[in-house]
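Undergrad: I am sharing input39.txt, which consists of compact mmCIF, C-alpha atoms and all ligand atoms:
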# COMPACT_ATOMS: atom_id res chain seq x y z
CA MET A 1234 11.40 -88.37 40.78
CA GLU A 1235 9.14 -86.15 38.80
CA ASN A 1236 10.40 -82.78 39.94
CA GLU A 1237 14.04 -83.75 40.00
CA ALA A 1238 15.93 -81.27 37.80
CA ARG A 1239 16.96 -82.73 34.45
CA LYS A 1240 20.67 -83.42 34.25
CA LYS A 1241 22.37 -81.31 31.62
CA ARG A 1242 22.89 -83.09 28.36
CA ILE A 1243 26.00 -83.80 26.30
CA PHE A 1244 26.24 -84.79 22.65
CA SER A 1245 29.41 -85.54 20.74
CA GLY A 1246 30.61 -87.74 17.91
CA ILE A 1247 33.60 -88.94 15.92
CA GLN A 1248 33.77 -89.92 12.25
CA PRO A 1249 34.66 -93.55 11.52
CA SER A 1250 36.67 -92.29 8.55
CA GLY A 1251 39.86 -93.76 9.99
CA GLU A 1252 41.15 -95.45 13.15
CA LEU A 1253 40.74 -93.48 16.38
CA THR A 1254 43.85 -91.47 17.26
CA LEU A 1255 45.55 -90.18 20.37
CA GLY A 1256 44.35 -86.72 19.22
CA SER A 1257 40.67 -87.70 19.28
CA TYR A 1258 41.24 -89.43 22.62
CA MET A 1259 42.86 -86.41 24.28
CA GLY A 1260 40.69 -83.79 22.58
CA ALA A 1261 37.36 -85.55 23.01
CA ILE A 1262 36.92 -89.09 24.43
CA LYS A 1263 38.91 -88.51 27.62
CA ASN A 1264 36.46 -85.76 28.55
CA TRP A 1265 33.46 -87.83 27.57
CA VAL A 1266 34.58 -90.39 30.13
CA ALA A 1267 35.21 -87.72 32.76
CA LEU A 1268 31.78 -86.12 32.25
CA GLN A 1269 29.63 -89.26 32.02
CA ASP A 1270 28.47 -89.22 35.66
CA GLU A 1271 27.63 -85.57 35.83
CA TYR A 1272 25.70 -85.35 32.52
CA ASP A 1273 23.18 -87.23 30.49
CA CYS A 1274 25.39 -88.27 27.57
CA ILE A 1275 24.85 -89.27 23.97
CA TYR A 1276 27.88 -90.40 21.98
CA CYS A 1277 27.60 -91.07 18.29
CA ILE A 1278 29.60 -92.77 15.55
CA VAL A 1279 28.97 -90.32 12.73
CA ASP A 1280 29.14 -92.53 9.64
CA MET A 1281 27.02 -90.10 7.60
CA HIS A 1282 29.70 -87.47 8.11
CA ALA A 1283 32.37 -89.94 7.02
CA ILE A 1284 30.91 -90.33 3.52
CA THR A 1285 31.48 -86.63 2.78
CA VAL A 1286 34.78 -87.96 1.42
CA ARG A 1287 35.01 -91.30 -0.39
CA GLN A 1288 35.14 -94.37 1.91
CA ASP A 1289 35.71 -98.04 1.28
CA PRO A 1290 32.31 -99.60 2.24
CA ALA A 1291 33.70 -102.70 3.98
CA GLN A 1292 36.18 -100.61 5.96
CA LEU A 1293 33.53 -98.10 6.96
CA ARG A 1294 31.25 -100.87 8.25
CA ARG A 1295 34.08 -102.51 10.21
CA ARG A 1296 35.35 -99.25 11.65
CA SER A 1297 31.90 -98.13 12.80
CA VAL A 1298 31.60 -101.21 15.02
CA ALA A 1299 35.27 -101.13 16.05
CA GLN A 1300 34.81 -97.52 17.11
CA LEU A 1301 32.00 -98.52 19.44
CA ALA A 1302 34.25 -101.19 20.98
CA GLN A 1303 36.92 -98.54 21.47
CA TYR A 1304 34.48 -96.07 23.05
CA ILE A 1305 33.55 -98.73 25.60
CA ALA A 1306 37.19 -99.75 26.11
CA CYS A 1307 38.09 -96.11 26.85
CA GLY A 1308 35.68 -96.28 29.79
CA LEU A 1309 32.31 -95.18 28.42
CA ASP A 1310 29.66 -97.21 30.16
CA PRO A 1311 26.84 -98.36 27.81
CA GLN A 1312 24.48 -98.46 30.79
CA LYS A 1313 25.03 -94.79 31.54
CA ASN A 1314 25.40 -93.36 28.03
CA ILE A 1315 23.44 -93.64 24.83
CA MET A 1316 25.83 -94.85 22.11
CA PHE A 1317 24.71 -95.37 18.54
CA ILE A 1318 25.53 -95.16 14.85
CA GLN A 1319 24.28 -91.99 13.17
CA SER A 1320 22.77 -93.62 10.06
CA HIS A 1321 20.53 -95.77 12.31
CA VAL A 1322 18.62 -92.66 13.41
CA PRO A 1323 17.09 -91.09 10.29
CA GLN A 1324 15.97 -87.99 12.18
CA HIS A 1325 19.53 -86.61 11.78
CA ALA A 1326 19.13 -86.38 8.01
CA GLU A 1327 15.59 -85.03 8.29
CA LEU A 1328 16.50 -82.23 10.68
CA GLY A 1329 19.67 -81.61 8.65
CA TRP A 1330 17.56 -80.82 5.59
CA ILE A 1331 15.35 -78.40 7.48
CA LEU A 1332 18.26 -76.61 9.13
CA GLY A 1333 19.98 -76.28 5.76
CA CYS A 1334 17.11 -73.97 4.84
CA TYR A 1335 18.06 -71.74 7.78
CA THR A 1336 21.80 -71.60 7.04
CA GLN A 1337 23.45 -69.13 4.73
CA PHE A 1338 25.71 -70.14 1.87
CA GLY A 1339 28.16 -67.48 3.09
CA GLU A 1340 28.34 -68.99 6.58
CA LEU A 1341 29.25 -72.41 5.20
CA SER A 1342 31.81 -70.87 2.84
CA ARG A 1343 33.67 -69.45 5.83
CA MET A 1344 34.23 -72.80 7.58
CA THR A 1345 37.98 -73.41 7.83
CA GLN A 1346 37.58 -77.18 7.78
CA PHE A 1347 35.67 -76.95 4.48
CA LYS A 1348 38.43 -74.82 2.99
CA GLN A 1349 41.11 -77.32 4.12
CA LYS A 1350 39.22 -80.44 3.09
CA SER A 1351 38.25 -79.06 -0.29
CA GLN A 1352 41.93 -78.47 -0.96
CA GLN A 1353 42.80 -82.02 0.13
CA HIS A 1354 40.02 -83.51 -2.02
CA ALA A 1355 40.13 -81.05 -4.91
CA ASP A 1356 38.85 -83.64 -7.39
CA ASN A 1357 35.76 -84.47 -5.30
CA ILE A 1358 34.31 -81.41 -3.56
CA THR A 1359 30.80 -82.62 -2.89
CA ALA A 1360 27.72 -80.75 -1.73
CA GLY A 1361 27.84 -83.03 1.34
CA LEU A 1362 31.30 -81.77 2.25
CA PHE A 1363 29.98 -78.23 2.03
CA THR A 1364 26.80 -78.77 4.06
CA TYR A 1365 28.46 -81.07 6.63
CA PRO A 1366 28.32 -78.44 9.44
CA VAL A 1367 24.52 -78.34 9.03
CA LEU A 1368 24.31 -82.09 9.67
CA MET A 1369 26.54 -81.59 12.70
CA ALA A 1370 24.18 -78.87 13.95
CA ALA A 1371 21.26 -81.30 13.51
CA ASP A 1372 23.16 -83.95 15.53
CA ILE A 1373 23.55 -81.59 18.45
CA LEU A 1374 20.18 -79.79 18.33
CA LEU A 1375 18.06 -82.94 17.98
CA TYR A 1376 19.02 -83.88 21.53
CA GLN A 1377 18.82 -80.39 23.03
CA ALA A 1378 22.45 -80.74 24.10
CA ASP A 1379 23.84 -78.20 26.55
CA LEU A 1380 27.49 -79.13 26.11
CA VAL A 1381 29.57 -80.48 23.23
CA PRO A 1382 33.00 -81.80 24.28
CA VAL A 1383 35.31 -81.55 21.25
CA GLY A 1384 38.86 -80.64 20.28
CA ALA A 1385 39.72 -77.06 19.28
CA ASP A 1386 39.25 -77.76 15.54
CA GLN A 1387 35.49 -78.26 16.00
CA LYS A 1388 34.82 -75.02 17.87
CA GLN A 1389 33.83 -73.11 14.74
CA HIS A 1390 31.25 -75.77 13.84
CA VAL A 1391 29.70 -75.64 17.32
CA GLU A 1392 29.51 -71.86 17.06
CA LEU A 1393 27.74 -72.13 13.71
CA CYS A 1394 25.33 -74.60 15.32
CA ARG A 1395 24.51 -71.98 17.97
CA ASP A 1396 23.93 -69.35 15.31
CA ILE A 1397 21.54 -71.62 13.41
CA ALA A 1398 19.68 -72.50 16.63
CA GLN A 1399 19.42 -68.88 17.64
CA ARG A 1400 18.09 -67.89 14.23
CA PHE A 1401 15.48 -70.67 14.29
CA ASN A 1402 14.42 -69.78 17.85
CA GLY A 1403 14.13 -66.15 16.81
CA VAL A 1404 11.72 -66.97 13.98
CA TYR A 1405 9.64 -69.71 15.66
CA SER A 1406 10.04 -69.09 19.44
CA ASP A 1407 12.25 -71.24 21.69
CA THR A 1408 12.80 -74.63 20.11
CA PHE A 1409 16.47 -75.52 20.58
CA THR A 1410 18.81 -75.39 23.56
CA LEU A 1411 21.90 -73.34 22.69
CA PRO A 1412 24.93 -75.61 23.09
CA GLU A 1413 28.35 -74.63 24.44
CA PRO A 1414 31.58 -76.18 23.22
CA PHE A 1415 33.69 -77.86 25.93
CA ILE A 1416 37.36 -77.74 24.98
CA PRO A 1417 39.99 -79.26 27.29
CA LYS A 1418 42.84 -77.17 28.73
CA MET A 1419 45.36 -79.89 27.93
CA GLY A 1420 45.19 -81.81 24.64
CA ALA A 1421 42.69 -79.65 22.72
CA ARG A 1422 45.01 -79.73 19.72
CA VAL A 1423 47.49 -82.59 19.66
CA MET A 1424 49.99 -82.02 16.86
CA SER A 1425 51.56 -84.46 14.40
CA LEU A 1426 54.71 -86.18 15.70
CA GLY A 1427 56.29 -85.85 12.26
CA ASN A 1428 55.31 -82.23 11.64
CA PRO A 1429 54.36 -80.37 14.82
CA ASP A 1430 52.94 -77.47 12.80
CA ASN A 1431 50.07 -79.71 11.66
CA LYS A 1432 47.28 -81.24 13.70
CA MET A 1433 47.64 -84.97 14.42
CA SER A 1434 45.27 -86.57 11.95
CA LYS A 1435 44.16 -90.10 11.14
CA SER A 1436 45.27 -89.70 7.53
CA ASP A 1437 48.93 -89.24 8.48
CA PRO A 1438 50.07 -92.68 9.78
CA ASP A 1439 53.61 -91.65 10.76
CA GLY A 1440 52.70 -88.48 12.62
CA CYS A 1441 49.77 -90.11 14.31
CA VAL A 1442 49.40 -92.60 17.16
CA TYR A 1443 46.34 -94.84 16.85
CA LEU A 1444 44.58 -96.14 19.96
CA MET A 1445 45.10 -99.66 18.65
CA ASP A 1446 48.87 -99.29 18.02
CA LYS A 1447 50.99 -101.94 19.74
CA PRO A 1448 53.67 -100.81 22.26
CA GLU A 1449 56.59 -101.30 19.84
CA GLU A 1450 54.78 -99.23 17.20
CA ILE A 1451 54.13 -96.43 19.70
CA ARG A 1452 57.78 -96.43 20.83
CA ARG A 1453 58.99 -96.30 17.22
CA LYS A 1454 56.73 -93.32 16.44
CA PHE A 1455 57.89 -91.35 19.49
CA LYS A 1456 61.53 -92.16 18.80
CA ARG A 1457 61.18 -90.52 15.39
CA ALA A 1458 59.15 -87.56 16.70
CA VAL A 1459 60.50 -84.21 15.49
CA THR A 1460 62.07 -82.05 18.23
CA ASP A 1461 64.69 -79.29 17.76
CA SER A 1462 68.41 -78.69 17.94
CA GLU A 1463 68.44 -77.61 21.60
CA THR A 1464 68.43 -80.07 24.44
CA ALA A 1465 66.19 -78.40 27.02
CA VAL A 1466 62.80 -79.93 27.80
CA ARG A 1467 60.70 -76.81 28.17
CA PHE A 1468 57.27 -75.66 26.98
CA ASP A 1469 57.57 -72.98 24.30
CA LYS A 1470 54.97 -73.42 21.58
CA GLU A 1471 56.45 -70.80 19.25
CA ASN A 1472 60.06 -71.87 19.26
CA LYS A 1473 59.84 -75.50 20.35
CA PRO A 1474 56.61 -76.85 18.80
CA GLY A 1475 57.75 -80.50 18.77
CA VAL A 1476 58.91 -80.61 22.40
CA SER A 1477 55.87 -78.60 23.52
CA ASN A 1478 53.58 -81.09 21.82
CA LEU A 1479 55.36 -84.03 23.49
CA LEU A 1480 55.09 -82.29 26.86
CA THR A 1481 51.37 -81.75 26.32
CA ILE A 1482 50.89 -85.40 25.40
CA TYR A 1483 52.87 -86.43 28.49
CA CYS A 1484 50.72 -84.25 30.76
CA ALA A 1485 47.45 -85.38 29.19
CA ALA A 1486 48.54 -89.03 29.52
CA THR A 1487 49.77 -88.84 33.12
CA GLY A 1488 47.56 -86.11 34.59
CA LYS A 1489 50.65 -84.10 35.60
CA THR A 1490 50.76 -80.32 35.26
CA MET A 1491 53.15 -78.65 32.83
CA GLU A 1492 55.27 -77.35 35.74
CA GLU A 1493 55.57 -80.85 37.21
CA ALA A 1494 56.57 -82.27 33.82
CA GLU A 1495 59.17 -79.56 33.16
CA GLU A 1496 60.63 -80.09 36.61
CA GLU A 1497 60.77 -83.85 36.14
CA PHE A 1498 62.84 -83.52 32.95
CA ALA A 1499 64.93 -80.48 33.98
CA GLY A 1500 68.55 -81.05 33.04
CA GLN A 1501 67.71 -84.20 31.04
CA GLY A 1502 68.04 -84.51 27.28
CA TYR A 1503 65.61 -85.75 24.66
CA GLY A 1504 67.19 -89.22 24.93
CA VAL A 1505 65.49 -89.59 28.31
CA PHE A 1506 62.44 -87.48 27.60
CA LYS A 1507 61.17 -89.10 24.39
CA PRO A 1508 61.12 -92.69 25.72
CA ALA A 1509 59.40 -91.45 28.89
CA VAL A 1510 56.60 -89.90 26.82
CA ALA A 1511 56.36 -93.12 24.78
CA ASP A 1512 56.11 -95.19 28.00
CA ALA A 1513 53.35 -92.97 29.37
CA VAL A 1514 51.35 -93.41 26.15
CA VAL A 1515 52.02 -97.16 26.02
CA GLU A 1516 50.62 -97.52 29.54
CA LEU A 1517 47.65 -95.27 28.75
CA LEU A 1518 46.69 -97.23 25.63
CA ARG A 1519 47.52 -100.80 26.69
CA PRO A 1520 44.29 -101.46 28.65
CA ILE A 1521 42.23 -99.72 25.96
CA ARG A 1522 43.67 -101.91 23.21
CA GLU A 1523 43.32 -105.10 25.21
CA GLU A 1524 39.74 -104.39 26.21
CA SER A 1525 38.67 -103.45 22.71
CA GLU A 1526 40.23 -106.61 21.27
CA ARG A 1527 38.21 -108.57 23.80
CA LEU A 1528 35.01 -106.69 22.91
CA MET A 1529 35.56 -107.15 19.16
CA ALA A 1530 35.31 -110.88 19.71
CA ASP A 1531 31.77 -110.37 21.01
CA LYS A 1532 29.91 -108.92 18.03
CA ALA A 1533 26.51 -109.85 19.45
CA TYR A 1534 27.14 -107.68 22.50
CA LEU A 1535 28.29 -104.72 20.40
CA GLU A 1536 25.21 -105.07 18.20
CA SER A 1537 22.95 -105.06 21.22
CA VAL A 1538 24.58 -101.86 22.48
CA TYR A 1539 24.24 -99.91 19.23
CA ARG A 1540 20.72 -101.20 18.54
CA GLU A 1541 19.47 -100.21 21.95
CA GLY A 1542 21.33 -96.92 21.65
CA ALA A 1543 19.60 -96.14 18.35
CA GLN A 1544 16.19 -96.88 19.85
CA ARG A 1545 16.72 -94.60 22.79
CA ALA A 1546 18.19 -91.91 20.54
CA GLN A 1547 15.23 -92.10 18.14
CA TYR A 1548 12.80 -91.56 20.96
CA LEU A 1549 14.55 -88.33 21.99
CA ALA A 1550 15.21 -87.20 18.42
CA ASN A 1551 11.57 -87.60 17.45
CA LYS A 1552 10.41 -85.28 20.18
CA THR A 1553 12.51 -82.43 18.77
CA LEU A 1554 11.87 -83.27 15.13
CA SER A 1555 8.07 -83.32 15.44
CA LYS A 1556 8.14 -79.98 17.20
CA VAL A 1557 10.29 -78.53 14.41
CA GLN A 1558 8.10 -79.99 11.66
CA ARG A 1559 5.01 -78.47 13.22
CA LYS A 1560 6.67 -75.08 13.68
CA VAL A 1561 7.85 -74.79 10.07
CA GLY A 1562 4.36 -75.67 8.82
CA PHE A 1563 4.46 -79.31 7.69
CA ALA A 1564 0.96 -80.84 7.69
CA ALA A 1565 0.15 -83.22 10.55
CA ARG A 1566 0.49 -86.92 9.66
P1 LIG B 1601 36.56 -85.80 13.99
O1 LIG B 1601 36.02 -87.14 13.69
O2 LIG B 1601 37.48 -85.17 13.01
O3 LIG B 1601 37.31 -85.79 15.38
C1 LIG B 1601 36.72 -86.34 16.52
C2 LIG B 1601 37.01 -85.53 17.77
O4 LIG B 1601 38.41 -85.55 18.06
C3 LIG B 1601 38.92 -84.24 18.12
N1 LIG B 1601 40.27 -84.27 17.53
C4 LIG B 1601 41.36 -83.78 18.12
N2 LIG B 1601 41.53 -83.20 19.32
C5 LIG B 1601 42.78 -82.82 19.65
N3 LIG B 1601 43.86 -82.99 18.83
C6 LIG B 1601 43.73 -83.57 17.63
N4 LIG B 1601 44.79 -83.74 16.85
C7 LIG B 1601 42.43 -84.00 17.23
N5 LIG B 1601 41.94 -84.63 16.12
C8 LIG B 1601 40.62 -84.78 16.33
C9 LIG B 1601 37.96 -83.39 17.31
O5 LIG B 1601 38.01 -82.05 17.68
C10 LIG B 1601 36.65 -84.05 17.62
O6 LIG B 1601 36.14 -83.60 18.86
N6 LIG B 1601 32.60 -82.95 12.88
C11 LIG B 1601 33.20 -83.80 13.88
C12 LIG B 1601 32.33 -84.97 14.24
C13 LIG B 1601 30.94 -84.61 14.60
C14 LIG B 1601 30.52 -84.04 15.84
C15 LIG B 1601 29.12 -83.92 15.74
C16 LIG B 1601 31.19 -83.64 16.99
C17 LIG B 1601 29.84 -84.81 13.85
N7 LIG B 1601 28.74 -84.40 14.53
C18 LIG B 1601 28.36 -83.35 16.79
C19 LIG B 1601 30.43 -83.09 18.02
C20 LIG B 1601 29.05 -82.95 17.91
C21 LIG B 1601 34.53 -84.33 13.36
O7 LIG B 1601 34.76 -84.39 12.18
O8 LIG B 1601 35.37 -84.81 14.31
Output the file's structure in the form of structure tokens.
TA:
Amino acid sequence: MENEARKKRIFSGIQPSGELTLGSYMGAIKNWVALQDEYDCIYCIVDMHAITVRQDPAQLRRRSVAQLAQYIACGLDPQKNIMFIQSHVPQHAELGWILGCYTQFGELSRMTQFKQKSQQHADNITAGLFTYPVLMAADILLYQADLVPVGADQKQHVELCRDIAQRFNGVYSDTFTLPEPFIPKMGARVMSLGNPDNKMSKSDPDGCVYLMDKPEEIRRKFKRAVTDSETAVRFDKENKPGVSNLLTIYCAATGKTMEEAEEEFAGQGYGVFKPAVADAVVELLRPIREESERLMADKAYLESVYREGAQRAQYLANKTLSKVQRKVGFAAR
């Protein structure tokens, strides 16, 4: 219907720089699935972001397709959502360049993720690693996204994206929708099982649960999860970071509230609690793993999804990009 109000739009993405983790599921994908009916959604596999640190080419190619299979297996419906691979839509790089000319060196220098990653990759601090948040801003702004569901670690980048958009709109009149981050109450920052002071990350195989881990692997990882010398199962982030993280994972996996979880394990020790968390995660991930294994056997289907996704994305991206090109003064083609 012509005068039907446009549904609000979502954009989000994950780097295929490693296997998908329980952290990216709880911080991001779970909400993508929950929001897919209410919003017009675009979900991307951001391979151009992944090459900001060195990748093995064959692995990157395989993971990009595997990640699409896992998105679908998590419950994202390719009929409802646009899903594509970032490098298939060249408008991201084009808008990224333009926005880089409206971003301050000082702003990028303040990004905490840049500071962390440049320490981790001290021998290879590339210009791409530095300007990465500009490409992320282009991802979001190309589609005029209203909402960006991400984990807590990406909030600063979404805020920078708003600042860039606001600056551009101020100079050239309204061009970009200002996006809001959407950060879940439970699971916004899943911590490492081995070191609960650090974020769970794909580059830390022991502290991290991968969506494709088999049940015995998941049980082994939870068995070795760091707790503390008490026995009480209670949420206290300061003094009991390990147990609090496990409780959060349990709640995010089962949909229970923190009070319900604490009550359930009251008077029980970690010997009961840890296997119960492992079981909840095993049951959460089992159907996802099985479905993505099935989808991986059907490469033609996956190709058709990402090709169609890229076509639809290009159509939308072009609308914004041509407007931007005209506004900054590029000659008509
Ligand atoms: P990436 O690939 O590091 O992570 C993907 C998503 O998962 C969330 N996440 C977590 N959430 C909770 N606990 C954790 N331990 C955890 N680890 C990861 C992240 O917050 C993120 O939502 N720059 C982005 C990718 C990106 C993007 C975008 C996101 C590129 N363009 C545009 C949104 C919109 C990144 O590196 O995420």
Undergrad: I'd like the neighbourhood of Thr1359 of chain A as a ChimeraX atom specification, where a residue qualifies if any of its atoms comes within 12 Å (using only C-alpha atoms), though same-chain residues fewer than 2 positions away should be ignored.
TA: /A:1284-1287,1347,1350-1351,1354-1357,1361-1365
Undergrad: So, counting only C-alpha atoms, which residue among A:Ala1385, A:Ile1451, A:Val1423, A:Cys1274 is closest to Gln1346 of chain A?
TA: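 Once distances to Gln1346 of chain A are computed over only C-alpha atoms, the minimum belongs to A:Ala1385.
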Undergrad: Can you tell me which residues come within 7 Å of ligand LIG 1601 (chain B) when counting all atoms listed in the file, ideally as a PyMOL selection string?
TA: chain A and resi 1244-1249+1256-1261+1279+1282+1368-1370+1372-1373+1381-1387+1420-1424+1432-1434
Undergrad: Applying 12 Å and all atoms listed in the file, which residues near Phe1498 of chain A remain after dropping the ones on its own chain fewer than 2 positions away? List them as a ChimeraX atom specification.
TA: /A:1464-1468,1476,1480,1483,1491-1496,1500-1510
Undergrad: Which residues are near segment 1537-1550 of chain A? Cut-off 7 Å, only C-alpha atoms, ignore same chain within fewer than 3 positions. Put them as a list in words.
TA: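 Close residues of segment 1537-1550 of chain A: Pro1311, Ile1315, Met1316, Phe1317, Ile1318, His1321, Val1322, Gln1324, Leu1375, Tyr1376, Ala1533, Tyr1534, Thr1553 and Leu1554 of chain A.
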Undergrad: Need the shell around segment 1301-1303 of chain A: protein/DNA/RNA residues with any atom at most 10 Å away, counting only C-alpha atoms. Skip same-chain ones fewer than 3 positions apart. Format as a PDB file with C-alpha atoms, keeping the file's coordinate frame?
TA:
ATOM      1  CA  PRO A1249      34.660 -93.550  11.520  1.00  0.00           C
ATOM      2  CA  GLU A1252      41.150 -95.450  13.150  1.00  0.00           C
ATOM      3  CA  LEU A1253      40.740 -93.480  16.380  1.00  0.00           C
ATOM      4  CA  ILE A1262      36.920 -89.090  24.430  1.00  0.00           C
ATOM      5  CA  TYR A1276      27.880 -90.400  21.980  1.00  0.00           C
ATOM      6  CA  CYS A1277      27.600 -91.070  18.290  1.00  0.00           C
ATOM      7  CA  ILE A1278      29.600 -92.770  15.550  1.00  0.00           C
ATOM      8  CA  ARG A1296      35.350 -99.250  11.650  1.00  0.00           C
ATOM      9  CA  SER A1297      31.900 -98.130  12.800  1.00  0.00           C
ATOM     10  CA  VAL A1298      31.600-101.210  15.020  1.00  0.00           C
ATOM     11  CA  ALA A1306      37.190 -99.750  26.110  1.00  0.00           C
ATOM     12  CA  CYS A1307      38.090 -96.110  26.850  1.00  0.00           C
ATOM     13  CA  GLY A1308      35.680 -96.280  29.790  1.00  0.00           C
ATOM     14  CA  LEU A1309      32.310 -95.180  28.420  1.00  0.00           C
ATOM     15  CA  PRO A1311      26.840 -98.360  27.810  1.00  0.00           C
ATOM     16  CA  MET A1316      25.830 -94.850  22.110  1.00  0.00           C
ATOM     17  CA  PHE A1317      24.710 -95.370  18.540  1.00  0.00           C
ATOM     18  CA  ILE A1318      25.530 -95.160  14.850  1.00  0.00           C
ATOM     19  CA  LEU A1444      44.580 -96.140  19.960  1.00  0.00           C
ATOM     20  CA  MET A1445      45.100 -99.660  18.650  1.00  0.00           C
ATOM     21  CA  ILE A1521      42.230 -99.720  25.960  1.00  0.00           C
ATOM     22  CA  ARG A1522      43.670-101.910  23.210  1.00  0.00           C
ATOM     23  CA  GLU A1523      43.320-105.100  25.210  1.00  0.00           C
ATOM     24  CA  GLU A1524      39.740-104.390  26.210  1.00  0.00           C
ATOM     25  CA  SER A1525      38.670-103.450  22.710  1.00  0.00           C
ATOM     26  CA  GLU A1526      40.230-106.610  21.270  1.00  0.00           C
ATOM     27  CA  ARG A1527      38.210-108.570  23.800  1.00  0.00           C
ATOM     28  CA  LEU A1528      35.010-106.690  22.910  1.00  0.00           C
ATOM     29  CA  MET A1529      35.560-107.150  19.160  1.00  0.00           C
ATOM     30  CA  ALA A1530      35.310-110.880  19.710  1.00  0.00           C
ATOM     31  CA  ASP A1531      31.770-110.370  21.010  1.00  0.00           C
ATOM     32  CA  LYS A1532      29.910-108.920  18.030  1.00  0.00           C
ATOM     33  CA  TYR A1534      27.140-107.680  22.500  1.00  0.00           C
ATOM     34  CA  LEU A1535      28.290-104.720  20.400  1.00  0.00           C
ATOM     35  CA  GLU A1536      25.210-105.070  18.200  1.00  0.00           C
ATOM     36  CA  VAL A1538      24.580-101.860  22.480  1.00  0.00           C
ATOM     37  CA  TYR A1539      24.240 -99.910  19.230  1.00  0.00           C
TER      38      TYR A1539
END
Undergrad: So, counting only C-alpha atoms, which residue among A:Lys1556, A:Lys1263, A:Arg1242, A:Lys1456 is closest to Leu1380 of chain A?
TA: A:Arg1242
Undergrad: I'd like to know which of A:Cys1394, A:Ile1275, A:Val1442, A:Ala1565 is closest to Leu1518 of chain A, using only C-alpha atoms.
TA: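 So, comparing all the options, the nearest one is A:Val1442.
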Undergrad: Do you have the atom CA of Gln1377 of chain A-atom CA of Ala1299 of chain A distance handy?
TA: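 Separating atom CA of Gln1377 of chain A from atom CA of Ala1299 of chain A is a distance of 27.4 Å.
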Undergrad: Between A:Ile1243, A:Leu1328, A:Ala1458, A:Leu1341, single out the one closest to Asn1314 of chain A, counting all atoms listed in the file.
TA: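 Among the listed residues, A:Ile1243 lies closest to Asn1314 of chain A.
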Undergrad: In Å, how far is it from atom CA of Val1459 of chain A to atom CA of Ala1513 of chain A?
TA: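 Separation of atom CA of Val1459 of chain A and atom CA of Ala1513 of chain A: 17.9 Å.
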Undergrad: Around all of segment 1428-1434 of chain A's listed atoms, make the axis-aligned box with 6 Å on each side and tell me centre and edge lengths in Å to one decimal, as JSON.
TA:
{"center_x": 50.3, "center_y": -82.0, "center_z": 13.2, "size_x": 22.0, "size_y": 21.1, "size_z": 15.2}
Undergrad: Fix up segment 1484-1493 of chain A with N, CA, C and O atoms, then write it as a compact mmCIF listing (two decimals), in the coordinates of the input.
TA:
# COMPACT_ATOMS: atom_id res chain seq x y z
N CYS A 1484 51.60 -84.73 29.68
CA CYS A 1484 50.72 -84.25 30.76
C CYS A 1484 49.31 -84.85 30.62
O CYS A 1484 48.72 -85.27 31.60
N ALA A 1485 48.80 -84.85 29.39
CA ALA A 1485 47.45 -85.38 29.19
C ALA A 1485 47.41 -86.88 29.51
O ALA A 1485 46.41 -87.39 30.01
N ALA A 1486 48.52 -87.57 29.26
CA ALA A 1486 48.54 -89.03 29.52
C ALA A 1486 48.71 -89.35 31.00
O ALA A 1486 48.18 -90.35 31.48
N THR A 1487 49.46 -88.50 31.72
CA THR A 1487 49.77 -88.84 33.12
C THR A 1487 48.94 -88.05 34.12
O THR A 1487 48.92 -88.39 35.31
N GLY A 1488 48.30 -86.97 33.66
CA GLY A 1488 47.56 -86.11 34.59
C GLY A 1488 48.46 -85.12 35.32
O GLY A 1488 48.00 -84.39 36.20
N LYS A 1489 49.75 -85.07 34.95
CA LYS A 1489 50.65 -84.10 35.60
C LYS A 1489 50.45 -82.72 35.01
O LYS A 1489 49.99 -82.58 33.88
N THR A 1490 50.83 -81.69 35.78
CA THR A 1490 50.76 -80.32 35.26
C THR A 1490 52.02 -80.06 34.44
O THR A 1490 53.01 -80.78 34.57
N MET A 1491 51.99 -78.99 33.65
CA MET A 1491 53.15 -78.65 32.83
C MET A 1491 54.37 -78.35 33.72
O MET A 1491 55.48 -78.77 33.41
N GLU A 1492 54.16 -77.67 34.84
CA GLU A 1492 55.27 -77.35 35.74
C GLU A 1492 55.90 -78.64 36.27
O GLU A 1492 57.12 -78.79 36.32
N GLU A 1493 55.05 -79.58 36.68
CA GLU A 1493 55.57 -80.85 37.21
C GLU A 1493 56.38 -81.58 36.14
O GLU A 1493 57.45 -82.11 36.42
